[in-house]
file target.cif (mmCIF, C-alpha atoms)
data_work
#
loop_
_atom_site.label_atom_id
_atom_site.label_comp_id
_atom_site.auth_asym_id
_atom_site.auth_seq_id
_atom_site.Cartn_x
_atom_site.Cartn_y
_atom_site.Cartn_z
CA MET A 1 12.21 18.64 -10.90
CA ARG A 2 9.16 16.66 -12.01
CA TRP A 3 5.73 17.57 -10.57
CA TRP A 4 5.40 14.36 -8.50
CA GLU A 5 8.74 15.09 -6.80
CA LYS A 6 7.93 18.71 -5.95
CA THR A 7 6.75 19.70 -2.49
CA ASN A 8 7.04 16.17 -1.10
CA LYS A 9 6.95 16.09 2.69
CA PRO A 10 9.18 13.96 4.98
CA ASN A 11 6.33 11.46 5.51
CA MET A 12 5.88 10.97 1.73
CA VAL A 13 7.93 8.04 0.44
CA GLU A 14 8.27 6.81 -3.14
CA VAL A 15 7.83 3.03 -3.39
CA ASN A 16 10.35 1.42 -5.74
CA SER A 17 9.15 -2.21 -5.73
CA ALA A 18 6.32 -4.48 -4.64
CA GLN A 19 8.59 -5.90 -1.93
CA GLU A 20 9.21 -2.39 -0.61
CA LEU A 21 5.43 -1.80 -0.47
CA VAL A 22 4.88 -5.06 1.43
CA ASP A 23 7.73 -4.29 3.83
CA SER A 24 6.57 -0.70 4.44
CA LEU A 25 3.04 -1.84 5.27
CA THR A 26 4.29 -4.65 7.50
CA ASN A 27 6.69 -2.36 9.39
CA ALA A 28 4.21 0.51 9.86
CA GLY A 29 2.76 -0.84 13.09
CA ASP A 30 -0.39 1.08 14.09
CA ARG A 31 0.52 4.07 11.94
CA LEU A 32 -2.01 5.07 9.27
CA VAL A 33 -0.55 4.36 5.83
CA ILE A 34 -2.00 5.97 2.72
CA VAL A 35 -0.88 4.50 -0.59
CA ASP A 36 -1.16 7.01 -3.44
CA PHE A 37 -1.20 5.39 -6.90
CA TYR A 38 -0.41 8.02 -9.54
CA SER A 39 0.86 8.40 -13.09
CA PRO A 40 3.15 11.18 -14.34
CA GLY A 41 0.86 11.63 -17.38
CA CYS A 42 -2.37 11.81 -15.35
CA GLY A 43 -3.80 15.32 -15.25
CA GLY A 44 -5.98 14.50 -12.24
CA CYS A 45 -2.96 13.16 -10.35
CA LYS A 46 -0.96 16.28 -11.16
CA SER A 47 -3.67 18.71 -10.06
CA LEU A 48 -4.39 16.74 -6.85
CA HIS A 49 -0.72 16.41 -5.83
CA PRO A 50 -0.38 19.83 -4.07
CA LYS A 51 -3.46 19.08 -1.92
CA ILE A 52 -2.13 15.65 -0.98
CA CYS A 53 1.16 17.29 0.01
CA GLN A 54 -0.72 19.80 2.22
CA ILE A 55 -2.66 16.95 3.83
CA ALA A 56 0.60 15.03 4.41
CA GLU A 57 2.14 18.09 6.04
CA SER A 58 -0.82 18.52 8.40
CA ASN A 59 -0.78 14.77 9.25
CA PRO A 60 2.89 14.06 10.07
CA ASN A 61 2.07 10.79 11.88
CA ALA A 62 0.55 9.28 8.73
CA LEU A 63 2.81 7.65 6.17
CA PHE A 64 2.12 8.42 2.51
CA LEU A 65 3.51 5.82 0.12
CA LYS A 66 3.61 6.90 -3.51
CA VAL A 67 3.41 4.27 -6.29
CA ASN A 68 4.19 5.35 -9.85
CA TYR A 69 1.71 3.41 -11.99
CA GLU A 70 3.87 3.71 -15.13
CA GLU A 71 6.91 2.20 -13.42
CA HIS A 72 4.98 -0.52 -11.56
CA LYS A 73 2.14 -1.58 -13.88
CA ALA A 74 2.39 -5.28 -13.04
CA MET A 75 2.15 -4.52 -9.32
CA CYS A 76 -0.83 -2.19 -9.89
CA TYR A 77 -2.60 -4.83 -11.98
CA SER A 78 -1.98 -7.41 -9.25
CA LEU A 79 -3.54 -5.02 -6.74
CA ASN A 80 -6.52 -4.29 -9.05
CA VAL A 81 -5.63 -0.62 -9.45
CA HIS A 82 -7.05 0.41 -12.81
CA VAL A 83 -8.14 4.04 -12.35
CA LEU A 84 -6.07 7.04 -11.22
CA PRO A 85 -5.57 8.82 -8.93
CA PHE A 86 -6.29 5.95 -6.55
CA PHE A 87 -5.78 5.70 -2.78
CA ARG A 88 -5.69 2.87 -0.26
CA PHE A 89 -5.68 3.39 3.50
CA TYR A 90 -4.11 0.77 5.79
CA ARG A 91 -4.03 0.64 9.58
CA GLY A 92 -2.19 -1.90 11.72
CA ALA A 93 -3.82 -5.27 12.27
CA GLU A 94 -6.95 -4.09 10.44
CA GLY A 95 -5.07 -4.06 7.14
CA ARG A 96 -6.82 -2.18 4.35
CA VAL A 97 -9.56 -0.01 5.81
CA CYS A 98 -10.69 1.70 2.60
CA SER A 99 -9.79 2.33 -1.03
CA PHE A 100 -11.16 4.77 -3.59
CA SER A 101 -10.39 7.07 -6.48
CA CYS A 102 -10.80 10.81 -6.09
CA THR A 103 -10.00 14.07 -7.84
CA ASN A 104 -9.88 17.73 -6.81
CA ALA A 105 -13.66 17.81 -7.23
CA THR A 106 -14.14 14.85 -4.88
CA ILE A 107 -11.33 15.58 -2.37
CA LYS A 108 -13.97 15.47 0.39
CA LYS A 109 -13.91 11.66 -0.01
CA PHE A 110 -10.20 11.69 0.91
CA LYS A 111 -10.70 14.08 3.84
CA ASP A 112 -13.62 12.01 5.17
CA ALA A 113 -11.54 8.81 5.03
CA LEU A 114 -8.68 10.59 6.80
CA ALA A 115 -11.02 11.86 9.53
CA LYS A 116 -12.48 8.38 10.02
CA HIS A 117 -9.23 6.37 9.98
CA GLY A 118 -6.66 8.99 11.02
CA THR A 119 -7.29 8.98 14.75
CA GLU A 120 -4.57 7.42 16.86
CA ARG A 121 -5.37 3.90 18.01
CA CYS A 122 -3.67 0.74 19.08
CA SER A 123 -4.51 -2.51 17.32
CA LEU A 124 -3.94 -5.97 18.62
CA GLY A 125 -1.56 -8.00 16.53
CA PRO A 126 1.01 -7.23 13.88
CA ALA A 127 0.35 -4.91 10.92
CA LYS A 128 -1.59 -6.84 8.29
CA GLY A 129 -0.75 -4.90 5.13
CA LEU A 130 -1.88 -6.41 1.84
CA GLU A 131 -4.58 -9.06 1.59
CA GLU A 132 -3.43 -12.67 1.14
CA HIS A 133 -4.79 -12.90 -2.42
CA GLU A 134 -2.87 -9.72 -3.34
CA LEU A 135 0.35 -11.13 -1.91
CA LEU A 136 -0.17 -14.36 -3.86
CA LYS A 137 -0.68 -12.41 -7.10
CA LEU A 138 2.50 -10.43 -6.49
CA ALA A 139 4.38 -13.65 -5.68
CA SER A 140 3.11 -15.32 -8.86
CA ASN A 141 4.52 -12.36 -10.83
CA ARG A 142 7.79 -12.78 -8.89
CA GLU A 143 7.48 -9.27 -7.50
CA VAL A 144 7.71 -10.44 -3.88
CA SER A 145 9.19 -13.52 -2.31
CA PHE A 146 8.10 -15.62 0.63
CA ASN A 147 10.05 -18.07 2.70
CA TYR A 148 7.91 -20.97 3.83
CA PRO A 149 9.90 -22.89 6.45
CA LEU A 150 9.45 -26.62 6.15
CA GLU A 151 9.15 -28.65 9.31
CA MET A 152 9.58 -32.42 9.66
CA GLU A 153 6.88 -33.87 11.84
CA SER A 154 6.73 -37.51 12.96
CA LEU A 155 3.42 -39.26 12.61
CA VAL A 156 2.32 -40.92 15.82
CA GLY A 157 2.42 -44.72 15.51
CA ASP A 158 4.09 -44.66 12.08
CA ASP A 159 7.64 -44.66 10.87
CA GLN A 160 6.67 -42.19 8.13
CA GLU A 161 7.49 -38.53 8.06
CA SER A 162 5.48 -35.83 6.36
CA LEU A 163 6.33 -32.35 5.22
CA VAL A 164 4.12 -29.69 6.71
CA LEU A 165 4.01 -26.19 5.27
CA ALA A 166 4.08 -23.78 8.18
#
call {"tool": "encode", "arguments": {"input": "target.cif", "output": "structure tokens"}}
result
Amino acid sequence: MRWWEKTNKPNMVEVNSAQELVDSLTNAGDRLVIVDFYSPGCGGCKSLHPKICQIAESNPNALFLKVNYEEHKAMCYSLNVHVLPFFRFYRGAEGRVCSFSCTNATIKKFKDALAKHGTERCSLGPAKGLEEHELLKLASNREVSFNYPLEMESLVGDDQESLVLA
């Protein structure tokens, strides 16, 4: 078994595509979602992994999404992830609440973010997930798809019709 597969907890999920990341964030509701960007060849990622697993175990209501940088470079570039290990925290309608890089030496940064954003809360509105500009970058790389329904709308006083993107 490879190091990034060892000691994974039930609330730690490997992300296999940009669409899966978007869907997971959208379907998370008010649940805290922590996205862990890692690389199999990253020594810092490897040494931090057991601590992240312990934190995941002690926070079963949080969802930890793991993104393998080597397998999803285009997605990581689209999301401006250029240093590892890198973490993004998302919460409901707030969307991304923080993002940072940390190592074993700076794990306090992770724990502080978890203490600040890990408390149960209810947000108004659907889960936001990724920022619009990030979604557009992923769509331009054909990593996610969007369906924009077209509506026909009559113009008042004219016989013309116009297409409106909804």
call {"tool": "atom_distance", "arguments": {"input": "target.cif", "atom1": "CA of Thr103 (chain A)", "atom2": "CA of Leu48 (chain A)"}}
result
6.3 Å
call {"tool": "residues_around", "arguments": {"input": "target.cif", "residues": "Cys98 (chain A)", "least_positions_apart": "2", "cutoff": "7 Å", "atoms": "only C-alpha atoms", "output": "mmCIF file with C-alpha atoms, in the frame of the given file"}}
result
data_model
loop_
_atom_site.group_PDB
_atom_site.id
_atom_site.type_symbol
_atom_site.label_atom_id
_atom_site.label_comp_id
_atom_site.auth_asym_id
_atom_site.auth_seq_id
_atom_site.Cartn_x
_atom_site.Cartn_y
_atom_site.Cartn_z
ATOM 1 C CA ARG A 88 -5.690 2.870 -0.260
ATOM 2 C CA PHE A 89 -5.680 3.390 3.500
ATOM 3 C CA ARG A 96 -6.820 -2.180 4.350
ATOM 4 C CA PHE A 100 -11.160 4.770 -3.590
#
call {"tool": "resolve_selection", "arguments": {"input": "target.cif", "expression": "the PyMOL selection byres ((chain A and resi 25) around 9)", "output": "list in words"}}
result
Glu20, Leu21, Val22, Asp23, Ser24, Thr26, Asn27, Ala28, Gly29, Val33, Tyr90, Arg91, Gly92, Gly95, Ala127, Lys128, Gly129 and Leu130 of chain A
call {"tool": "atom_distance", "arguments": {"input": "target.cif", "atom1": "CA of Cys76 (chain A)", "atom2": "CA of Glu5 (chain A)"}}
result
20.0 Å
call {"tool": "atom_distance", "arguments": {"input": "target.cif", "atom1": "CA of Ile107 (chain A)", "atom2": "CA of Ile55 (chain A)"}}
result
10.7 Å
call {"tool": "residues_around", "arguments": {"input": "target.cif", "residues": "Ala56 (chain A)", "least_positions_apart": "2", "cutoff": "12 Å", "atoms": "all atoms listed in the file", "output": "PyMOL selection string"}}
result
chain A and resi 7-13+32-36+49-54+58-66+110-111+114+118
call {"tool": "residues_near_point", "arguments": {"input": "target.cif", "point": "(0.2, -12.0, -4.8)", "cutoff": "12 Å", "atoms": "all atoms listed in the file", "output": "list in words"}}
result
Ala18, Gln19, Val22, Ala74, Met75, Cys76, Tyr77, Ser78, Leu79, Asn80, Leu130, Glu131, Glu132, His133, Glu134, Leu135, Leu136, Lys137, Leu138, Ala139, Ser140, Asn141, Arg142, Glu143, Val144, Ser145 and Phe146 of chain A
call {"tool": "resolve_selection", "arguments": {"input": "target.cif", "expression": "the PyMOL selection byres ((chain A and resi 69) around 9)", "output": "list in words"}}
result
Phe37, Tyr38, Ser39, Pro40, Val67, Asn68, Glu70, Glu71, His72, Lys73, Ala74, Met75, Cys76, Val81 and Leu84 of chain A
call {"tool": "closest_residue", "arguments": {"input": "target.cif", "among": "A:Asp30, A:Cys45, A:Pro126, A:Glu57", "to": "Asn104 (chain A)", "atoms": "all atoms listed in the file"}}
result
A:Cys45
call {"tool": "closest_residue", "arguments": {"input": "target.cif", "among": "A:Arg2, A:Ala105, A:Ala113, A:Phe86", "to": "Gly41 (chain A)", "atoms": "only C-alpha atoms"}}
result
A:Arg2
call {"tool": "build_atoms", "arguments": {"input": "target.cif", "residues": "region 103-126 of chain A", "atoms": "N, CA and C atoms", "output": "compact mmCIF listing (two decimals), in the frame of the given file"}}
result
# COMPACT_ATOMS: atom_id res chain seq x y z
N THR A 103 -10.61 12.96 -7.10
CA THR A 103 -10.00 14.07 -7.84
C THR A 103 -10.13 15.32 -6.98
N ASN A 104 -9.70 16.46 -7.52
CA ASN A 104 -9.88 17.73 -6.81
C ASN A 104 -11.35 17.96 -6.49
N ALA A 105 -12.22 17.60 -7.43
CA ALA A 105 -13.66 17.81 -7.23
C ALA A 105 -14.24 16.93 -6.13
N THR A 106 -13.62 15.78 -5.89
CA THR A 106 -14.14 14.85 -4.88
C THR A 106 -13.16 14.66 -3.72
N ILE A 107 -12.34 15.67 -3.43
CA ILE A 107 -11.33 15.58 -2.37
C ILE A 107 -11.98 15.35 -1.00
N LYS A 108 -13.25 15.71 -0.87
CA LYS A 108 -13.97 15.47 0.39
C LYS A 108 -13.95 13.98 0.75
N LYS A 109 -13.98 13.11 -0.24
CA LYS A 109 -13.91 11.66 -0.01
C LYS A 109 -12.60 11.32 0.72
N PHE A 110 -11.51 11.92 0.28
CA PHE A 110 -10.20 11.69 0.91
C PHE A 110 -10.20 12.22 2.34
N LYS A 111 -10.69 13.45 2.51
CA LYS A 111 -10.70 14.08 3.84
C LYS A 111 -11.60 13.31 4.81
N ASP A 112 -12.73 12.81 4.32
CA ASP A 112 -13.62 12.01 5.17
C ASP A 112 -12.95 10.71 5.61
N ALA A 113 -12.25 10.06 4.70
CA ALA A 113 -11.54 8.81 5.03
C ALA A 113 -10.43 9.10 6.04
N LEU A 114 -9.75 10.21 5.87
CA LEU A 114 -8.68 10.59 6.80
C LEU A 114 -9.25 10.88 8.18
N ALA A 115 -10.38 11.56 8.24
CA ALA A 115 -11.02 11.86 9.53
C ALA A 115 -11.46 10.57 10.22
N LYS A 116 -11.98 9.62 9.44
CA LYS A 116 -12.48 8.38 10.02
C LYS A 116 -11.35 7.47 10.49
N HIS A 117 -10.29 7.35 9.69
CA HIS A 117 -9.23 6.37 9.98
C HIS A 117 -7.94 6.99 10.53
N GLY A 118 -7.88 8.32 10.62
CA GLY A 118 -6.66 8.99 11.02
C GLY A 118 -6.45 9.14 12.50
N THR A 119 -7.45 8.82 13.31
CA THR A 119 -7.29 8.98 14.75
C THR A 119 -6.32 7.93 15.28
N GLU A 120 -5.55 8.34 16.26
CA GLU A 120 -4.57 7.42 16.86
C GLU A 120 -5.30 6.27 17.52
N ARG A 121 -4.79 5.08 17.35
CA ARG A 121 -5.37 3.90 18.01
C ARG A 121 -4.30 2.83 18.10
N CYS A 122 -4.58 1.87 18.91
CA CYS A 122 -3.67 0.74 19.08
C CYS A 122 -4.41 -0.52 18.66
N SER A 123 -3.86 -1.26 17.75
CA SER A 123 -4.51 -2.51 17.32
C SER A 123 -3.78 -3.70 17.91
N LEU A 124 -4.53 -4.76 18.09
CA LEU A 124 -3.94 -5.97 18.62
C LEU A 124 -3.40 -6.81 17.47
N GLY A 125 -2.17 -7.19 17.57
CA GLY A 125 -1.56 -8.00 16.53
C GLY A 125 -0.67 -7.19 15.62
N PRO A 126 0.08 -7.90 14.79
CA PRO A 126 1.01 -7.23 13.88
C PRO A 126 0.26 -6.54 12.73
